[in-house]
There are 2 protein chains.
Amino acid sequence: MIPEKLTQILKHEGVAAIVTQGANEPHVVNTWHSYIKVTGDGRMLFPVGGMNTTESNINKNNNVLLTVGSREVEGTHGMGAGFLVDGSMSILSQGTDFDDIKQRFPWARAAGEVRVNKSTQTL
Amino acid sequence: MIPEKLTQILKHEGVAAIVTQGANEPHVVNTWHSYIKVTGDGRMLFPVGGMNTTESNINKNNNVLLTVGSREVEGTHGMGAGFLVDGSMSILSQGTDFDDIKQRFPWARAAGEVRVNKSTQTL
């Protein structure tokens, strides 16, 4: 469900952007590729430190856009590959996924979960 | 107007995200750090290939959010720095800035210009 190429991109450090819809304007937060864990059932998990506006936005509309990319992975036009993910985001503050994040990132107040509905290779 | 730290981040390759407001949902496109040129008067210039939805969105509302980051630049919590830029975007299809972009990126149909209104170091 999550393409191998996307997983490959996450193995190279970089910035992921997570975009939500606010009342009148979009909102964006970032996390590092290396913080994101891809699960076998099509989810991306990462630590949540702040992300308070993101949380407030997804409580009303949990659709998110997430982008990742790396110049070190071969893309559709030579070196440089990127993905746009269309997903549904949740904030997990209990359960095994939360425990796993908390163990790796003690500063995390929660685990962010993006369920990948669609992923498009943009480059 | 554009912080030195942000310019430093752009010297390391990575993915910039440019977020616009669509009719009912946000939209995001990416470009490479190395494609972005910072001007002395607080603007960021980059080649525009597709970005058709972005162009259509900014015709209605030219506010954009732009994020950049690099793990190789010292941030507020050790290595890893990032910025969130609040700006106004234009698509330039003539003029010296366009000519400059066109020379560096012959495939570009236009130059993207983000005038930085506010920049916040997020990490």
# chains A, B, ... in the order shown; residues from 1 in each chain; ligands from 1
>>> residues_around(residues="Met44 of chain B", least_positions_apart="6", cutoff="7 Å", atoms="only C-alpha atoms", output="PyMOL selection string")
chain B and resi 36-38+113-115
>>> interface_residues(of="chain A", to="chain B", cutoff="8 Å", atoms="only C-alpha atoms", output="list of chain:residue names")
A:Glu13, A:Gly14, A:Val15, A:Ala17, A:Val19, A:Thr20, A:Gln21, A:Glu25, A:Pro26, A:His27, A:Val28, A:Asn30, A:Leu65, A:Thr67, A:Val68, A:Gly69, A:Ser70, A:Arg71
>>> write_last_selection(atoms="N, CA and C atoms", output="PDB file, in the first residue's frame")
ATOM      1  N   GLU A  13      17.705  11.245   5.020  1.00  0.00           N
ATOM      2  CA  GLU A  13      17.175  12.298   5.889  1.00  0.00           C
ATOM      3  C   GLU A  13      16.623  13.461   5.079  1.00  0.00           C
ATOM      4  N   GLY A  14      15.567  14.032   5.569  1.00  0.00           N
ATOM      5  CA  GLY A  14      14.928  15.151   4.888  1.00  0.00           C
ATOM      6  C   GLY A  14      13.728  15.608   5.680  1.00  0.00           C
ATOM      7  N   VAL A  15      13.055  16.599   5.138  1.00  0.00           N
ATOM      8  CA  VAL A  15      11.923  17.202   5.829  1.00  0.00           C
ATOM      9  C   VAL A  15      10.613  16.760   5.182  1.00  0.00           C
ATOM     10  N   ALA A  17       6.543  17.450   5.087  1.00  0.00           N
ATOM     11  CA  ALA A  17       5.573  18.503   5.405  1.00  0.00           C
ATOM     12  C   ALA A  17       4.200  17.862   5.560  1.00  0.00           C
ATOM     13  N   VAL A  19       0.250  18.918   5.902  1.00  0.00           N
ATOM     14  CA  VAL A  19      -0.628  20.064   5.667  1.00  0.00           C
ATOM     15  C   VAL A  19      -2.060  19.740   6.089  1.00  0.00           C
ATOM     16  N   THR A  20      -2.657  20.639   6.859  1.00  0.00           N
ATOM     17  CA  THR A  20      -4.057  20.488   7.274  1.00  0.00           C
ATOM     18  C   THR A  20      -4.836  21.736   6.871  1.00  0.00           C
ATOM     19  N   GLN A  21      -6.158  21.585   6.900  1.00  0.00           N
ATOM     20  CA  GLN A  21      -7.027  22.727   6.580  1.00  0.00           C
ATOM     21  C   GLN A  21      -7.469  23.401   7.876  1.00  0.00           C
ATOM     22  N   GLU A  25      -7.531  29.159   6.433  1.00  0.00           N
ATOM     23  CA  GLU A  25      -6.224  29.060   5.796  1.00  0.00           C
ATOM     24  C   GLU A  25      -5.604  27.705   6.087  1.00  0.00           C
ATOM     25  N   PRO A  26      -4.679  27.298   5.231  1.00  0.00           N
ATOM     26  CA  PRO A  26      -4.014  26.020   5.479  1.00  0.00           C
ATOM     27  C   PRO A  26      -2.982  26.162   6.596  1.00  0.00           C
ATOM     28  N   HIS A  27      -2.531  25.044   7.096  1.00  0.00           N
ATOM     29  CA  HIS A  27      -1.509  25.013   8.145  1.00  0.00           C
ATOM     30  C   HIS A  27      -0.518  23.925   7.772  1.00  0.00           C
ATOM     31  N   VAL A  28       0.749  24.147   8.084  1.00  0.00           N
ATOM     32  CA  VAL A  28       1.758  23.133   7.751  1.00  0.00           C
ATOM     33  C   VAL A  28       2.726  22.952   8.916  1.00  0.00           C
ATOM     34  N   ASN A  30       6.224  20.302  10.109  1.00  0.00           N
ATOM     35  CA  ASN A  30       7.248  19.425   9.535  1.00  0.00           C
ATOM     36  C   ASN A  30       7.692  18.358  10.516  1.00  0.00           C
ATOM     37  N   LEU A  65      -2.393  16.365   3.763  1.00  0.00           N
ATOM     38  CA  LEU A  65      -1.470  16.131   2.660  1.00  0.00           C
ATOM     39  C   LEU A  65      -0.089  16.023   3.289  1.00  0.00           C
ATOM     40  N   THR A  67       4.098  15.537   2.225  1.00  0.00           N
ATOM     41  CA  THR A  67       5.089  15.400   1.150  1.00  0.00           C
ATOM     42  C   THR A  67       6.445  14.993   1.714  1.00  0.00           C
ATOM     43  N   VAL A  68       7.146  14.187   0.939  1.00  0.00           N
ATOM     44  CA  VAL A  68       8.526  13.783   1.241  1.00  0.00           C
ATOM     45  C   VAL A  68       9.294  13.764  -0.075  1.00  0.00           C
ATOM     46  N   GLY A  69      10.595  13.866   0.013  1.00  0.00           N
ATOM     47  CA  GLY A  69      11.398  13.803  -1.204  1.00  0.00           C
ATOM     48  C   GLY A  69      12.868  13.711  -0.888  1.00  0.00           C
ATOM     49  N   SER A  70      13.621  13.141  -1.814  1.00  0.00           N
ATOM     50  CA  SER A  70      15.065  13.068  -1.649  1.00  0.00           C
ATOM     51  C   SER A  70      15.753  13.144  -2.996  1.00  0.00           C
ATOM     52  N   ARG A  71      16.801  13.945  -3.032  1.00  0.00           N
ATOM     53  CA  ARG A  71      17.609  14.070  -4.239  1.00  0.00           C
ATOM     54  C   ARG A  71      18.464  12.836  -4.451  1.00  0.00           C
TER      55      ARG A  71
END
>>> select_by_dssp(residues="segment 63-102 of chain A", states="strand (DSSP E)", output="list in words")
Asn63, Val64, Leu65, Leu66, Thr67, Val68, Gly69, Ser70, Arg71, Glu72, Val73, Glu74, Gly75, Gly78, Met79, Gly80, Ala81, Gly82, Phe83, Leu84, Val85, Asp86, Gly87, Ser88, Met89, Ser90, Ile91 and Leu92 of chain A
>>> write_last_selection(atoms="N, CA, C and O atoms", output="short mmCIF file (atom, residue, chain, number, x, y, z; two decimals), in the first residue's frame")
data_model
loop_
_atom_site.label_atom_id
_atom_site.label_comp_id
_atom_site.auth_asym_id
_atom_site.auth_seq_id
_atom_site.Cartn_x
_atom_site.Cartn_y
_atom_site.Cartn_z
N ASN A 63 -8.44 15.10 6.96
CA ASN A 63 -7.68 14.95 5.71
C ASN A 63 -6.37 15.71 5.81
O ASN A 63 -6.37 16.90 6.15
N VAL A 64 -5.28 15.06 5.46
CA VAL A 64 -4.00 15.75 5.43
C VAL A 64 -3.28 15.45 4.12
O VAL A 64 -3.55 14.44 3.46
N LEU A 65 -2.39 16.37 3.76
CA LEU A 65 -1.47 16.13 2.66
C LEU A 65 -0.09 16.02 3.29
O LEU A 65 0.24 16.78 4.21
N LEU A 66 0.70 15.10 2.81
CA LEU A 66 2.04 14.92 3.36
C LEU A 66 3.01 14.77 2.19
O LEU A 66 2.73 14.02 1.25
N THR A 67 4.10 15.54 2.23
CA THR A 67 5.09 15.40 1.15
C THR A 67 6.44 14.99 1.71
O THR A 67 6.83 15.40 2.81
N VAL A 68 7.15 14.19 0.94
CA VAL A 68 8.53 13.78 1.24
C VAL A 68 9.29 13.76 -0.07
O VAL A 68 8.70 13.64 -1.15
N GLY A 69 10.60 13.87 0.01
CA GLY A 69 11.40 13.80 -1.20
C GLY A 69 12.87 13.71 -0.89
O GLY A 69 13.31 14.11 0.19
N SER A 70 13.62 13.14 -1.81
CA SER A 70 15.06 13.07 -1.65
C SER A 70 15.75 13.14 -3.00
O SER A 70 15.35 12.48 -3.95
N ARG A 71 16.80 13.95 -3.03
CA ARG A 71 17.61 14.07 -4.24
C ARG A 71 18.46 12.84 -4.45
O ARG A 71 19.01 12.63 -5.53
N GLU A 72 18.58 12.01 -3.41
CA GLU A 72 19.47 10.84 -3.48
C GLU A 72 18.76 9.56 -3.94
O GLU A 72 19.33 8.49 -3.93
N VAL A 73 17.49 9.70 -4.30
CA VAL A 73 16.73 8.54 -4.79
C VAL A 73 16.34 8.82 -6.24
O VAL A 73 15.93 9.94 -6.58
N GLU A 74 16.47 7.81 -7.09
CA GLU A 74 16.14 8.02 -8.51
C GLU A 74 14.65 8.24 -8.69
O GLU A 74 13.82 7.49 -8.19
N GLY A 75 14.32 9.31 -9.40
CA GLY A 75 12.93 9.65 -9.64
C GLY A 75 12.56 9.46 -11.09
O GLY A 75 13.21 8.71 -11.82
N GLY A 78 15.48 11.33 -13.51
CA GLY A 78 16.84 11.23 -12.99
C GLY A 78 16.84 11.26 -11.47
O GLY A 78 15.83 10.91 -10.84
N MET A 79 17.95 11.68 -10.87
CA MET A 79 18.05 11.65 -9.42
C MET A 79 17.15 12.72 -8.82
O MET A 79 17.18 13.88 -9.21
N GLY A 80 16.40 12.32 -7.83
CA GLY A 80 15.45 13.21 -7.18
C GLY A 80 14.05 12.62 -7.29
O GLY A 80 13.48 12.60 -8.38
N ALA A 81 13.54 12.14 -6.16
CA ALA A 81 12.20 11.54 -6.17
C ALA A 81 11.37 12.16 -5.07
O ALA A 81 11.90 12.56 -4.02
N GLY A 82 10.07 12.29 -5.31
CA GLY A 82 9.18 12.86 -4.30
C GLY A 82 7.80 12.24 -4.35
O GLY A 82 7.39 11.71 -5.39
N PHE A 83 7.13 12.28 -3.23
CA PHE A 83 5.76 11.75 -3.14
C PHE A 83 4.83 12.76 -2.46
O PHE A 83 5.25 13.49 -1.55
N LEU A 84 3.59 12.75 -2.93
CA LEU A 84 2.50 13.46 -2.27
C LEU A 84 1.56 12.40 -1.75
O LEU A 84 1.06 11.57 -2.52
N VAL A 85 1.33 12.44 -0.44
CA VAL A 85 0.43 11.48 0.18
C VAL A 85 -0.86 12.20 0.58
O VAL A 85 -0.83 13.30 1.13
N ASP A 86 -1.97 11.55 0.27
CA ASP A 86 -3.28 12.01 0.69
C ASP A 86 -3.69 11.05 1.79
O ASP A 86 -3.76 9.84 1.54
N GLY A 87 -3.89 11.56 2.99
CA GLY A 87 -4.15 10.64 4.09
C GLY A 87 -5.14 11.17 5.10
O GLY A 87 -5.66 12.28 4.98
N SER A 88 -5.39 10.33 6.09
CA SER A 88 -6.26 10.70 7.21
C SER A 88 -5.41 10.62 8.46
O SER A 88 -4.78 9.59 8.72
N MET A 89 -5.39 11.69 9.22
CA MET A 89 -4.50 11.74 10.38
C MET A 89 -5.23 11.61 11.71
O MET A 89 -6.33 12.13 11.88
N SER A 90 -4.59 10.90 12.62
CA SER A 90 -5.09 10.78 13.99
C SER A 90 -3.93 11.05 14.95
O SER A 90 -2.77 10.89 14.58
N ILE A 91 -4.28 11.47 16.15
CA ILE A 91 -3.30 11.65 17.22
C ILE A 91 -3.56 10.53 18.23
O ILE A 91 -4.66 10.44 18.79
N LEU A 92 -2.55 9.68 18.43
CA LEU A 92 -2.72 8.54 19.34
C LEU A 92 -2.02 8.82 20.66
O LEU A 92 -0.83 9.10 20.68
#
>>> residues_around(residues="Val48 of chain A", least_positions_apart="3", cutoff="6 Å", atoms="only C-alpha atoms", output="list in words")
Ala108, Arg109, Ala110, Ala111 and Gly112 of chain A
>>> atom_distance(atom1="atom CA of Arg43 of chain A", atom2="atom CA of Lys60 of chain A")
20.4 Å
>>> select_by_dssp(residues="segment 1-112 of chain A", states="alpha helix (DSSP H)", output="ChimeraX atom specification")
/A:4-10,52-60,96-104
>>> write_last_selection(atoms="N, CA and C atoms", output="PDB file, in the first residue's frame")
ATOM      1  N   GLU A   4       7.348   1.061  -2.306  1.00  0.00           N
ATOM      2  CA  GLU A   4       8.735   0.812  -1.916  1.00  0.00           C
ATOM      3  C   GLU A   4       9.585   2.075  -2.123  1.00  0.00           C
ATOM      4  N   LYS A   5       9.299   2.798  -3.202  1.00  0.00           N
ATOM      5  CA  LYS A   5      10.072   4.017  -3.507  1.00  0.00           C
ATOM      6  C   LYS A   5       9.914   5.069  -2.399  1.00  0.00           C
ATOM      7  N   LEU A   6       8.725   5.161  -1.854  1.00  0.00           N
ATOM      8  CA  LEU A   6       8.478   6.117  -0.774  1.00  0.00           C
ATOM      9  C   LEU A   6       9.274   5.709   0.476  1.00  0.00           C
ATOM     10  N   THR A   7       9.270   4.427   0.764  1.00  0.00           N
ATOM     11  CA  THR A   7      10.024   3.904   1.904  1.00  0.00           C
ATOM     12  C   THR A   7      11.515   4.173   1.719  1.00  0.00           C
ATOM     13  N   GLN A   8      11.941   4.047   0.466  1.00  0.00           N
ATOM     14  CA  GLN A   8      13.349   4.297   0.123  1.00  0.00           C
ATOM     15  C   GLN A   8      13.701   5.775   0.404  1.00  0.00           C
ATOM     16  N   ILE A   9      12.819   6.681   0.027  1.00  0.00           N
ATOM     17  CA  ILE A   9      13.031   8.114   0.266  1.00  0.00           C
ATOM     18  C   ILE A   9      13.208   8.387   1.755  1.00  0.00           C
ATOM     19  N   LEU A  10      12.385   7.729   2.567  1.00  0.00           N
ATOM     20  CA  LEU A  10      12.435   7.975   4.018  1.00  0.00           C
ATOM     21  C   LEU A  10      13.743   7.512   4.644  1.00  0.00           C
ATOM     22  N   ASN A  52      -0.109  21.510  17.875  1.00  0.00           N
ATOM     23  CA  ASN A  52      -1.407  21.810  18.494  1.00  0.00           C
ATOM     24  C   ASN A  52      -2.427  22.313  17.479  1.00  0.00           C
ATOM     25  N   THR A  53      -1.986  23.172  16.560  1.00  0.00           N
ATOM     26  CA  THR A  53      -2.913  23.658  15.521  1.00  0.00           C
ATOM     27  C   THR A  53      -3.305  22.506  14.602  1.00  0.00           C
ATOM     28  N   THR A  54      -2.332  21.657  14.278  1.00  0.00           N
ATOM     29  CA  THR A  54      -2.628  20.477  13.452  1.00  0.00           C
ATOM     30  C   THR A  54      -3.695  19.625  14.141  1.00  0.00           C
ATOM     31  N   GLU A  55      -3.523  19.399  15.431  1.00  0.00           N
ATOM     32  CA  GLU A  55      -4.485  18.573  16.168  1.00  0.00           C
ATOM     33  C   GLU A  55      -5.879  19.202  16.149  1.00  0.00           C
ATOM     34  N   SER A  56      -5.912  20.503  16.387  1.00  0.00           N
ATOM     35  CA  SER A  56      -7.198  21.206  16.377  1.00  0.00           C
ATOM     36  C   SER A  56      -7.842  21.129  14.991  1.00  0.00           C
ATOM     37  N   ASN A  57      -7.036  21.272  13.948  1.00  0.00           N
ATOM     38  CA  ASN A  57      -7.568  21.185  12.574  1.00  0.00           C
ATOM     39  C   ASN A  57      -8.113  19.786  12.252  1.00  0.00           C
ATOM     40  N   ILE A  58      -7.366  18.755  12.619  1.00  0.00           N
ATOM     41  CA  ILE A  58      -7.820  17.402  12.248  1.00  0.00           C
ATOM     42  C   ILE A  58      -9.017  16.953  13.077  1.00  0.00           C
ATOM     43  N   ASN A  59      -9.255  17.631  14.194  1.00  0.00           N
ATOM     44  CA  ASN A  59     -10.470  17.320  14.956  1.00  0.00           C
ATOM     45  C   ASN A  59     -11.714  17.717  14.161  1.00  0.00           C
ATOM     46  N   LYS A  60     -11.538  18.673  13.247  1.00  0.00           N
ATOM     47  CA  LYS A  60     -12.665  19.113  12.399  1.00  0.00           C
ATOM     48  C   LYS A  60     -12.630  18.445  11.024  1.00  0.00           C
ATOM     49  N   THR A  96      -0.235   0.486  21.575  1.00  0.00           N
ATOM     50  CA  THR A  96       1.120   0.000  21.284  1.00  0.00           C
ATOM     51  C   THR A  96       1.897   0.938  20.355  1.00  0.00           C
ATOM     52  N   ASP A  97       1.199   1.579  19.394  1.00  0.00           N
ATOM     53  CA  ASP A  97       1.905   2.509  18.504  1.00  0.00           C
ATOM     54  C   ASP A  97       2.408   3.715  19.291  1.00  0.00           C
ATOM     55  N   PHE A  98       1.585   4.195  20.223  1.00  0.00           N
ATOM     56  CA  PHE A  98       1.999   5.296  21.084  1.00  0.00           C
ATOM     57  C   PHE A  98       3.190   4.868  21.945  1.00  0.00           C
ATOM     58  N   ASP A  99       3.095   3.687  22.540  1.00  0.00           N
ATOM     59  CA  ASP A  99       4.180   3.188  23.397  1.00  0.00           C
ATOM     60  C   ASP A  99       5.494   3.107  22.628  1.00  0.00           C
ATOM     61  N   ASP A 100       5.399   2.638  21.396  1.00  0.00           N
ATOM     62  CA  ASP A 100       6.587   2.507  20.559  1.00  0.00           C
ATOM     63  C   ASP A 100       7.219   3.874  20.282  1.00  0.00           C
ATOM     64  N   ILE A 101       6.383   4.852  19.933  1.00  0.00           N
ATOM     65  CA  ILE A 101       6.880   6.216  19.676  1.00  0.00           C
ATOM     66  C   ILE A 101       7.495   6.798  20.953  1.00  0.00           C
ATOM     67  N   LYS A 102       6.803   6.630  22.055  1.00  0.00           N
ATOM     68  CA  LYS A 102       7.242   7.191  23.343  1.00  0.00           C
ATOM     69  C   LYS A 102       8.602   6.631  23.753  1.00  0.00           C
ATOM     70  N   GLN A 103       8.815   5.366  23.411  1.00  0.00           N
ATOM     71  CA  GLN A 103      10.092   4.732  23.752  1.00  0.00           C
ATOM     72  C   GLN A 103      11.229   5.328  22.916  1.00  0.00           C
ATOM     73  N   ARG A 104      10.916   5.583  21.617  1.00  0.00           N
ATOM     74  CA  ARG A 104      11.955   6.129  20.734  1.00  0.00           C
ATOM     75  C   ARG A 104      12.128   7.630  20.926  1.00  0.00           C
TER      76      ARG A 104
END
>>> atom_distance(atom1="atom CA of Leu45 of chain A", atom2="atom CA of Ser93 of chain A")
12.3 Å
>>> atom_distance(atom1="atom CA of Met51 of chain A", atom2="atom CA of His12 of chain B")
25.3 Å
>>> decode(residues="segment 59-84 of chain A", atoms="N, CA, C and O atoms", output="mmCIF file, in the first residue's frame")
data_model
loop_
_atom_site.group_PDB
_atom_site.id
_atom_site.type_symbol
_atom_site.label_atom_id
_atom_site.label_comp_id
_atom_site.auth_asym_id
_atom_site.auth_seq_id
_atom_site.Cartn_x
_atom_site.Cartn_y
_atom_site.Cartn_z
ATOM 1 N N ASN A 59 -9.255 17.631 14.194
ATOM 2 C CA ASN A 59 -10.470 17.320 14.956
ATOM 3 C C ASN A 59 -11.714 17.717 14.161
ATOM 4 O O ASN A 59 -12.787 17.162 14.354
ATOM 5 N N LYS A 60 -11.538 18.673 13.247
ATOM 6 C CA LYS A 60 -12.665 19.113 12.399
ATOM 7 C C LYS A 60 -12.630 18.445 11.024
ATOM 8 O O LYS A 60 -13.650 18.175 10.413
ATOM 9 N N ASN A 61 -11.417 18.215 10.524
ATOM 10 C CA ASN A 61 -11.246 17.649 9.177
ATOM 11 C C ASN A 61 -9.915 16.907 9.181
ATOM 12 O O ASN A 61 -8.852 17.538 9.181
ATOM 13 N N ASN A 62 -9.988 15.582 9.182
ATOM 14 C CA ASN A 62 -8.745 14.814 9.358
ATOM 15 C C ASN A 62 -7.995 14.499 8.060
ATOM 16 O O ASN A 62 -7.031 13.747 8.065
ATOM 17 N N ASN A 63 -8.442 15.098 6.955
ATOM 18 C CA ASN A 63 -7.682 14.945 5.706
ATOM 19 C C ASN A 63 -6.369 15.715 5.809
ATOM 20 O O ASN A 63 -6.374 16.896 6.151
ATOM 21 N N VAL A 64 -5.285 15.063 5.455
ATOM 22 C CA VAL A 64 -3.996 15.749 5.427
ATOM 23 C C VAL A 64 -3.280 15.449 4.118
ATOM 24 O O VAL A 64 -3.548 14.440 3.462
ATOM 25 N N LEU A 65 -2.393 16.365 3.763
ATOM 26 C CA LEU A 65 -1.470 16.131 2.660
ATOM 27 C C LEU A 65 -0.089 16.023 3.289
ATOM 28 O O LEU A 65 0.237 16.779 4.207
ATOM 29 N N LEU A 66 0.701 15.096 2.805
ATOM 30 C CA LEU A 66 2.041 14.915 3.360
ATOM 31 C C LEU A 66 3.009 14.774 2.187
ATOM 32 O O LEU A 66 2.735 14.016 1.249
ATOM 33 N N THR A 67 4.098 15.537 2.225
ATOM 34 C CA THR A 67 5.089 15.400 1.150
ATOM 35 C C THR A 67 6.445 14.993 1.714
ATOM 36 O O THR A 67 6.830 15.402 2.815
ATOM 37 N N VAL A 68 7.146 14.187 0.939
ATOM 38 C CA VAL A 68 8.526 13.783 1.241
ATOM 39 C C VAL A 68 9.294 13.764 -0.075
ATOM 40 O O VAL A 68 8.696 13.641 -1.147
ATOM 41 N N GLY A 69 10.595 13.866 0.013
ATOM 42 C CA GLY A 69 11.398 13.803 -1.204
ATOM 43 C C GLY A 69 12.868 13.711 -0.888
ATOM 44 O O GLY A 69 13.311 14.109 0.193
ATOM 45 N N SER A 70 13.621 13.141 -1.814
ATOM 46 C CA SER A 70 15.065 13.068 -1.649
ATOM 47 C C SER A 70 15.753 13.144 -2.996
ATOM 48 O O SER A 70 15.348 12.478 -3.950
ATOM 49 N N ARG A 71 16.801 13.945 -3.032
ATOM 50 C CA ARG A 71 17.609 14.070 -4.239
ATOM 51 C C ARG A 71 18.464 12.836 -4.451
ATOM 52 O O ARG A 71 19.006 12.634 -5.531
ATOM 53 N N GLU A 72 18.583 12.009 -3.409
ATOM 54 C CA GLU A 72 19.468 10.841 -3.479
ATOM 55 C C GLU A 72 18.757 9.564 -3.938
ATOM 56 O O GLU A 72 19.329 8.486 -3.934
ATOM 57 N N VAL A 73 17.493 9.698 -4.299
ATOM 58 C CA VAL A 73 16.732 8.543 -4.791
ATOM 59 C C VAL A 73 16.340 8.822 -6.243
ATOM 60 O O VAL A 73 15.934 9.945 -6.575
ATOM 61 N N GLU A 74 16.467 7.812 -7.093
ATOM 62 C CA GLU A 74 16.143 8.015 -8.506
ATOM 63 C C GLU A 74 14.648 8.243 -8.687
ATOM 64 O O GLU A 74 13.815 7.486 -8.190
ATOM 65 N N GLY A 75 14.325 9.310 -9.401
ATOM 66 C CA GLY A 75 12.935 9.648 -9.636
ATOM 67 C C GLY A 75 12.561 9.462 -11.093
ATOM 68 O O GLY A 75 13.212 8.706 -11.822
ATOM 69 N N THR A 76 11.541 10.165 -11.517
ATOM 70 C CA THR A 76 11.035 9.999 -12.881
ATOM 71 C C THR A 76 11.862 10.791 -13.903
ATOM 72 O O THR A 76 11.746 10.586 -15.104
ATOM 73 N N HIS A 77 12.696 11.731 -13.425
ATOM 74 C CA HIS A 77 13.543 12.532 -14.320
ATOM 75 C C HIS A 77 14.984 12.502 -13.842
ATOM 76 O O HIS A 77 15.627 13.539 -13.735
ATOM 77 N N GLY A 78 15.479 11.334 -13.507
ATOM 78 C CA GLY A 78 16.842 11.230 -12.994
ATOM 79 C C GLY A 78 16.841 11.257 -11.475
ATOM 80 O O GLY A 78 15.832 10.913 -10.844
ATOM 81 N N MET A 79 17.954 11.679 -10.872
ATOM 82 C CA MET A 79 18.053 11.647 -9.421
ATOM 83 C C MET A 79 17.150 12.721 -8.815
ATOM 84 O O MET A 79 17.178 13.884 -9.211
ATOM 85 N N GLY A 80 16.399 12.316 -7.827
ATOM 86 C CA GLY A 80 15.448 13.206 -7.181
ATOM 87 C C GLY A 80 14.049 12.625 -7.288
ATOM 88 O O GLY A 80 13.483 12.603 -8.378
ATOM 89 N N ALA A 81 13.540 12.143 -6.164
ATOM 90 C CA ALA A 81 12.202 11.541 -6.167
ATOM 91 C C ALA A 81 11.368 12.159 -5.068
ATOM 92 O O ALA A 81 11.900 12.556 -4.020
ATOM 93 N N GLY A 82 10.068 12.285 -5.305
ATOM 94 C CA GLY A 82 9.181 12.863 -4.296
ATOM 95 C C GLY A 82 7.803 12.239 -4.353
ATOM 96 O O GLY A 82 7.387 11.712 -5.393
ATOM 97 N N PHE A 83 7.125 12.283 -3.226
ATOM 98 C CA PHE A 83 5.760 11.754 -3.138
ATOM 99 C C PHE A 83 4.835 12.757 -2.459
ATOM 100 O O PHE A 83 5.248 13.485 -1.553
ATOM 101 N N LEU A 84 3.595 12.747 -2.932
ATOM 102 C CA LEU A 84 2.504 13.462 -2.273
ATOM 103 C C LEU A 84 1.556 12.403 -1.750
ATOM 104 O O LEU A 84 1.064 11.566 -2.519
#
